[in-house]
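A.B. asks: Just dropping this structure here.
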Amino acid sequence: MALKLLAVDPVGGGGARPAASRVPIADGGGSDALLYFTAKLNDTLEREAAISRVSALADATSGLQNALDQKRIELSTDPDIAGREAKFRQFAQAQYAQASGGMDRETAALFKRTANPMADAMSSSVRHGAQKDTLDKALGALNDSTDKLVTASGDARNANERAALLDQADTLLKQARDGQILSEAQYQAARKATLGKADQAFALKLIRDNPGGTAAALGKAEFLPNLDPVTRQNLVDRAGAEVLRRTNLAYTQEARREVAERRATALNSNTIMKEVVDAAATPDGISDDLLARAKAVVPWHDYQAAKKLKVGGGDVDSKAALATIVPDIDTRDVSKDLSDALLKNEITGPTYKSLLERNRAALKDDQPQSPYRQGRDYIKTVLDPAAAGFGGGGALGGITAGLRADALMEYDTWADANRDKIKADPRLASDYALEVGRRYKLAEFAGTTQTLGLPRFTEVPKAQFDEPALDAATAETKRRFEAGEITPAEAIVQARLLQQWKAALQSRKAVPGEPAKPGGAK
């Protein structure tokens, strides 16, 4: 739209520049020479007047352009965004009137044709700048509002409250879309980003409440599905770091002082059973008198175990039995489980003695934040078959459960041999637990993939089967099923196999490289 800066005639009454005066030609019969020189003089005067008009026009145009450009820059930071264009128009009209006030009518007409498009273009620039700043201001307010709702959703008291806060954020985004602040594509992108931030805020809350459990849950893609892979891995790392941070934080000078003696044995049965297992390791074995004393005091399953120890236990330890018992050594009384396994020849006498003593000691431990327990809990969490996707049992579940039992027994053996060192530096326990967890996690991947068969629709060798190959096999299976080339039963078999490979590959992804040796381990 033109500014119409020249709506008012700029030529004042007495301010007009006088036109050049022509020299009159005499009426007498002058000579031809006189007529010639008179005409030349008049042409010269007209050229001088034209030059004067051009110079005045150039000066006025340059001055107006500089003034308008300076005003445009000044208004670009004016907080009164809505009033910027009107202020510019008023300023431009005033500047034009001032610049053209002393011009003659012909010069003013030329100036008008030059100044009006120039001022109109700068006015459009001011208007577009104001529109952009208005949009940026609205987007800034929108982002602030949605960020506050996302932060609040992370601390929501329950799922309903969290959903309500996220609905409010989506409503603000829809209003921005309907008000043409956001395009449809921008709305979809903003909605996706908002949900991702909300899942991240919720994950951070879960890490504060239960870092170990959250680390395991984040290993499943369906948990908080709006997280991108990079953010998910960062949160897993953060949860793991928080587990170790809390472990170290708990070991203040006061917490480092381990209880000099475990809680005094409250039951005579514990004392008698200790005598039994100690006697079993001697050349004389368990005496009839000791066996009779045990029968009178200890629970029946312990007495049966004592009788079995008198004649000897199994020849070798069953990995399946150990996988069931060892993870619970520090959480509950497993004496009956140990007795049953001993009676079935699933564990040897020395293993029964070792695990029973550890179980008794753990149940007396009234320091849940002790370095030993924290390290053990970490290994149990990292090598949990359910977290690895093999909680349903079977061959793959058995591999993971067996590895977890081996890892815990290795850790327990190390802890027994380094008890004094752990008391002096509790970080040794967390360092060694981290090493064991990583090492057995790699072994878990190797064991599960060795057991798994390759999906039917892939040409990639097992040793090179990775996430891209998994995606390709999944897509090909889907295509063949939709084309009717495989039966529903075969599709289900392949889908289950693909899911197991996905779990195995995620297990490997949790351990990107060779684990570092624990810094303080000797």
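Identifiers for the structure tokens are assigned positionally: chains receive A, B, ... in sequence, residues are indexed from 1 per chain, and ligands are indexed from 1 in the order shown.
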Can you tell me which residues surround A:Pro468 at a distance of at most 12 Å, considering only C-alpha atoms, apart from same-chain residues fewer than 6 positions away, and format the answer as a PDB file with all heavy atoms, in the first residue's frame?

C.D. replies:
ATOM      1  N   THR A 458      16.526 -63.675   5.958  1.00  0.00           N
ATOM      2  CA  THR A 458      17.741 -62.863   5.988  1.00  0.00           C
ATOM      3  C   THR A 458      18.863 -63.666   5.363  1.00  0.00           C
ATOM      4  O   THR A 458      18.885 -64.900   5.433  1.00  0.00           O
ATOM      5  CB  THR A 458      18.118 -62.457   7.428  1.00  0.00           C
ATOM      6  OG1 THR A 458      19.268 -61.602   7.370  1.00  0.00           O
ATOM      7  CG2 THR A 458      18.455 -63.677   8.287  1.00  0.00           C
ATOM      8  N   VAL A 460      22.061 -62.476   5.993  1.00  0.00           N
ATOM      9  CA  VAL A 460      23.204 -61.998   6.769  1.00  0.00           C
ATOM     10  C   VAL A 460      23.673 -63.114   7.697  1.00  0.00           C
ATOM     11  O   VAL A 460      22.856 -63.716   8.398  1.00  0.00           O
ATOM     12  CB  VAL A 460      22.815 -60.751   7.585  1.00  0.00           C
ATOM     13  CG1 VAL A 460      23.989 -60.284   8.435  1.00  0.00           C
ATOM     14  CG2 VAL A 460      22.358 -59.639   6.647  1.00  0.00           C
ATOM     15  N   THR A 474      12.552 -58.127   9.460  1.00  0.00           N
ATOM     16  CA  THR A 474      11.201 -57.848   9.940  1.00  0.00           C
ATOM     17  C   THR A 474      10.307 -57.367   8.797  1.00  0.00           C
ATOM     18  O   THR A 474       9.166 -57.820   8.643  1.00  0.00           O
ATOM     19  CB  THR A 474      11.241 -56.790  11.053  1.00  0.00           C
ATOM     20  OG1 THR A 474      12.065 -57.269  12.125  1.00  0.00           O
ATOM     21  CG2 THR A 474       9.850 -56.499  11.590  1.00  0.00           C
ATOM     22  N   ALA A 475      10.846 -56.435   7.991  1.00  0.00           N
ATOM     23  CA  ALA A 475      10.065 -55.908   6.866  1.00  0.00           C
ATOM     24  C   ALA A 475       9.739 -57.007   5.851  1.00  0.00           C
ATOM     25  O   ALA A 475       8.625 -57.075   5.321  1.00  0.00           O
ATOM     26  CB  ALA A 475      10.833 -54.762   6.200  1.00  0.00           C
ATOM     27  N   TRP A 501      15.693 -61.758  18.963  1.00  0.00           N
ATOM     28  CA  TRP A 501      16.900 -61.118  18.447  1.00  0.00           C
ATOM     29  C   TRP A 501      16.950 -59.649  18.845  1.00  0.00           C
ATOM     30  O   TRP A 501      18.019 -59.105  19.150  1.00  0.00           O
ATOM     31  CB  TRP A 501      16.963 -61.256  16.920  1.00  0.00           C
ATOM     32  CG  TRP A 501      17.724 -62.472  16.489  1.00  0.00           C
ATOM     33  CD1 TRP A 501      17.209 -63.662  16.056  1.00  0.00           C
ATOM     34  CD2 TRP A 501      19.140 -62.628  16.470  1.00  0.00           C
ATOM     35  NE1 TRP A 501      18.213 -64.540  15.777  1.00  0.00           N
ATOM     36  CE2 TRP A 501      19.414 -63.941  16.020  1.00  0.00           C
ATOM     37  CE3 TRP A 501      20.201 -61.787  16.801  1.00  0.00           C
ATOM     38  CZ2 TRP A 501      20.710 -64.408  15.889  1.00  0.00           C
ATOM     39  CZ3 TRP A 501      21.493 -62.268  16.670  1.00  0.00           C
ATOM     40  CH2 TRP A 501      21.736 -63.556  16.220  1.00  0.00           C
ATOM     41  N   LYS A 502      15.803 -59.001  18.824  1.00  0.00           N
ATOM     42  CA  LYS A 502      15.757 -57.591  19.230  1.00  0.00           C
ATOM     43  C   LYS A 502      16.213 -57.449  20.679  1.00  0.00           C
ATOM     44  O   LYS A 502      17.002 -56.550  21.021  1.00  0.00           O
ATOM     45  CB  LYS A 502      14.339 -57.048  19.061  1.00  0.00           C
ATOM     46  CG  LYS A 502      14.193 -55.578  19.454  1.00  0.00           C
ATOM     47  CD  LYS A 502      12.765 -55.085  19.237  1.00  0.00           C
ATOM     48  CE  LYS A 502      12.630 -53.628  19.648  1.00  0.00           C
ATOM     49  NZ  LYS A 502      11.239 -53.146  19.463  1.00  0.00           N
ATOM     50  N   LEU A 505      20.013 -57.998  20.866  1.00  0.00           N
ATOM     51  CA  LEU A 505      20.770 -56.857  20.343  1.00  0.00           C
ATOM     52  C   LEU A 505      20.707 -55.676  21.297  1.00  0.00           C
ATOM     53  O   LEU A 505      21.686 -54.928  21.444  1.00  0.00           O
ATOM     54  CB  LEU A 505      20.239 -56.471  18.963  1.00  0.00           C
ATOM     55  CG  LEU A 505      20.511 -57.485  17.850  1.00  0.00           C
ATOM     56  CD1 LEU A 505      19.764 -57.118  16.581  1.00  0.00           C
ATOM     57  CD2 LEU A 505      22.015 -57.591  17.565  1.00  0.00           C
TER      58      LEU A 505
END

A.B. asks: Can you work out the spacing between atom CA of A:Ile379 and atom CA of A:Glu222 in Å, to one decimal?

C.D. replies: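 Computing the Euclidean distance for atom CA of A:Ile379 and atom CA of A:Glu222 yields 23.4 Å.
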
A.B. asks: Could you pull out the residues in stretch 57-306 of chain A that DSSP calls alpha helix (DSSP H) from the backbone, as a ChimeraX atom specification?

C.D. replies: /A:57-75,84-100,105-154,159-178,184-209,211-217,229-250,253-256,268-280,288-297,300-306

A.B. asks: Do a neighbour search on A:Ala60 at 12 Å with only C-alpha atoms, toss out local chain neighbours closer than 5 positions, and write the hits as a PyMOL selection string.

C.D. replies: chain A and resi 53-55+65-67+95-103+107-108+110-112+114-115

A.B. asks: Mind checking which residues fall within 9 Å of stretch 312-327 of chain A, counting only C-alpha atoms, ignoring those fewer than 3 positions away in the same chain, and posting them as JSON, numbers by chain?

C.D. replies: {"A": [280, 307, 308, 309, 330, 331, 334, 337, 338, 341, 342, 343, 344, 345, 346, 347, 348, 349, 350, 351, 352, 355, 376, 377, 380, 398, 400, 401, 402, 403, 404, 405, 406, 408, 409]}

A.B. asks: At what distance in Å, to one decimal, does atom CA of A:Tyr432 lie from atom CA of A:Trp414?

C.D. replies: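 Taking atom CA of A:Trp414 as the start and atom CA of A:Tyr432 as the end point, the length is 8.7 Å.
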
A.B. asks: Hey, can you check how far atom CA of A:Arg72 sits from atom CA of A:Thr134?

C.D. replies: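 Going from atom CA of A:Arg72 over to atom CA of A:Thr134 covers 16.5 Å.
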